Amino acid sequence: MPIAENIQQALGSSSMIRKMFEEGNRLKKQHGAGGVFDFSIGNPDVEPPPAFHRVLRRLAREDKKGSHGYMPNAGYPEVRAALAQKVSREQGVSLDGSHLVMAVGAAGGLNVVFKTILNPGDEVIVSRPYFMEYRHYVANHGGRLAEVDALPDFNLDIEALRARLSPKTAAVLINSPHNPTGRVYPASTIADLAEVLEAHGKASGRFPYLVSDEPYREIVYGGETPPVLCAYRESIVVNSYSKSLSLPGERIGYIAVSPEIRGREELVDGLIFATRILGFVNAPALMQRIVAELTWARVDVPVYARRRDAFRRVLDAAGLSYAGPEGAFYLFCKTPERKNPGPGTDADFTEHLKKHLILGVPGASFGKPGWIRFAYCVDEEVIEAAGPAFRQAMAEW
């Protein structure tokens, strides 16, 4: 029997990040790990903070009866309560455990949210460029992604968002710090967006949710990531510990809703039900207990800051222009004009770099042709060693 048509179509345009990551593994077998400069995937290589290992060892030794069994689908009540205090501090609101649902990472959390809020044909507005999996997350639940372009500095284009709102708009999805650009949306932008969504709700009778995907919230280079829960009543935050604690493989995160959101109890009940019927059942038990004890901890962010600066020096020396990241661990570079005859798209430039054993992801994969993303969650020695390869590639390009 053939597979479903929608999966067949999706496979044809599946994640370029994963394709480049797999290509990197192939090249490393051929040239050795030290000879390949793989900046394709945002897989944090900074180790979790030491406190994580201490808590992990202690909880593993306790071997408490029932500690690996089922718990409420929303997560352990004491874990939700602990994380509510953390989110309250970050978001400038007063939350308790009833405002949170534990999730299987941010990806699982977003799917739970969209399962809960979307009717067939509903739209979710997103600013381009955007993380490519968003399209699938929305389509999974009968929705459609509605794209608008960001401003030239990759801030949200509030007027473009206003123009795209319609009676079908169920939500606006934002991501700050942003993948792939590293942009952190200022508080003034969040306030302007909230004002637009509030006005649209009053005029149309349907107040869109503001869904904020925040796995990079704590990886910022100066200042903090502005909150959304205190800015707009109909807001939902989805977060994970994949980046802040370097635990992407553990799949642990949470969903937090504004305390003032309309129909809060029904919404949270829907999130809990969706968690169960999507097959997640509950977030991993051991990881729940660990992150509840680490609400104050995070990875060594200055390491990423040093890598960002080292990568910028490499790109500057090669003559590549880029968006200056304020957070996360990506550099989004403009595809340079080609001096030699031949096509010069972002895909062409990506293939050209691959000949020099440099791996990035073309911007078209993020809805933004003409750019290329490099992930600098790699050792600083790899970044510096890539300098000659970048300069040679640019000379030939």
# chains A, B, ... in the order shown; residues from 1 in each chain; ligands from 1

$ residues_around --residues "A:Phe329" --least-positions-apart "2" --cutoff "9 Å" --atoms "only C-alpha atoms" --output "list in words"
Gly42, Pro44, Asn179, Pro180, Thr181, Gly182, Tyr216, Ile219, Tyr304, Ala305, Arg307, Arg308, Pro325, Gly327, Leu331, Phe374, Ala375, Tyr376 and Cys377 of chain A

$ residues_around --residues "stretch 72-80 of chain A" --least-positions-apart "5" --cutoff "12 Å" --atoms "only C-alpha atoms" --output "PyMOL selection string"
chain A and resi 67+85-88+95-104+109+112+252-256+268-295

$ residues_around --residues "A:Phe332" --least-positions-apart "3" --cutoff "6 Å" --atoms "only C-alpha atoms" --output "list in words"
Thr181, Tyr322, Ala323, Ile372 and Arg373 of chain A

$ write_last_selection --atoms "N, CA and C atoms" --output "PDB file, in the first residue's frame"
ATOM      1  N   THR A 181      17.225  34.289  12.096  1.00  0.00           N
ATOM      2  CA  THR A 181      17.948  35.560  12.014  1.00  0.00           C
ATOM      3  C   THR A 181      18.633  35.978  13.303  1.00  0.00           C
ATOM      4  N   TYR A 322      25.581  39.950   6.715  1.00  0.00           N
ATOM      5  CA  TYR A 322      24.690  39.130   7.523  1.00  0.00           C
ATOM      6  C   TYR A 322      23.877  40.012   8.457  1.00  0.00           C
ATOM      7  N   ALA A 323      22.821  39.431   9.001  1.00  0.00           N
ATOM      8  CA  ALA A 323      22.039  40.096  10.039  1.00  0.00           C
ATOM      9  C   ALA A 323      22.729  39.880  11.375  1.00  0.00           C
ATOM     10  N   ILE A 372      21.335  32.565   3.474  1.00  0.00           N
ATOM     11  CA  ILE A 372      21.794  31.252   3.919  1.00  0.00           C
ATOM     12  C   ILE A 372      22.030  31.315   5.428  1.00  0.00           C
ATOM     13  N   ARG A 373      21.627  30.241   6.136  1.00  0.00           N
ATOM     14  CA  ARG A 373      21.773  30.219   7.589  1.00  0.00           C
ATOM     15  C   ARG A 373      22.932  29.335   7.999  1.00  0.00           C
TER      16      ARG A 373
END

$ atom_distance --atom1 "atom CA of A:Pro152" --atom2 "atom CA of A:Pro186"
15.1 Å

$ select_by_dssp --residues "stretch 11-102 of chain A" --states "alpha helix (DSSP H)" --output "count of residues only"
46

$ residues_around --residues "stretch 221-228 of chain A" --least-positions-apart "6" --cutoff "7 Å" --atoms "only C-alpha atoms" --output "CSV table (one decimal) with N, CA and C atoms, in the first residue's frame"
chain,number,residue,atom,x,y,z
A,90,GLU,N,9.5,35.8,34.3
A,90,GLU,CA,9.9,36.1,32.9
A,90,GLU,C,8.9,36.9,32.2
A,91,GLN,N,7.6,36.6,32.5
A,91,GLN,CA,6.5,37.2,31.7
A,91,GLN,C,5.8,38.4,32.3
A,92,GLY,N,6.1,38.7,33.6
A,92,GLY,CA,5.5,39.8,34.2
A,92,GLY,C,4.1,39.6,34.5
A,184,VAL,N,15.7,39.7,18.2
A,184,VAL,CA,14.9,39.7,19.4
A,184,VAL,C,13.9,40.9,19.2
A,186,PRO,N,11.7,43.8,19.9
A,186,PRO,CA,11.6,44.7,21.0
A,186,PRO,C,10.2,44.8,21.7
A,187,ALA,N,10.2,45.2,23.0
A,187,ALA,CA,8.9,45.3,23.7
A,187,ALA,C,8.0,46.2,23.0
A,190,ILE,N,6.2,44.2,20.3
A,190,ILE,CA,5.2,43.3,20.9
A,190,ILE,C,3.9,44.1,21.3
A,235,SER,N,-2.7,35.5,24.8
A,235,SER,CA,-1.3,35.0,24.5
A,235,SER,C,-1.0,33.7,25.1
A,305,ALA,N,28.2,33.7,22.8
A,305,ALA,CA,28.6,35.1,22.4
A,305,ALA,C,30.0,35.1,21.8
A,326,GLU,N,21.0,39.0,17.8
A,326,GLU,CA,20.8,39.5,19.2
A,326,GLU,C,20.6,38.4,20.2
A,327,GLY,N,20.3,37.2,19.6
A,327,GLY,CA,20.1,36.0,20.5
A,327,GLY,C,20.1,34.8,19.6

$ closest_residue --among "A:Val257, A:Ala160, A:Ile117, A:Met132" --to "A:Ala84" --atoms "only C-alpha atoms"
A:Val257

$ select_by_dssp --residues "stretch 74-311 of chain A" --states "strand (DSSP E)" --output "NGL selection string"
:A and (100-103 or 123-128 or 144-149 or 169-175 or 209-213 or 235-240 or 253-257)

$ atom_distance --atom1 "atom CA of A:Glu384" --atom2 "atom CA of A:Lys28"
17.9 Å

$ atom_distance --atom1 "atom CA of A:Asp213" --atom2 "atom CA of A:Pro50"
26.3 Å

$ residues_around --residues "stretch 385-388 of chain A" --least-positions-apart "2" --cutoff "8 Å" --atoms "only C-alpha atoms" --output "number ranges by chain"
A: 37, 314-315, 317-318, 358, 381-383, 390-392

$ closest_residue --among "A:Arg251, A:Ala328, A:Leu193, A:Val301" --to "A:Ser176" --atoms "only C-alpha atoms"
A:Ala328

$ closest_residue --among "A:Leu11, A:Val299, A:Met394, A:Leu197" --to "A:Pro167" --atoms "only C-alpha atoms"
A:Leu197
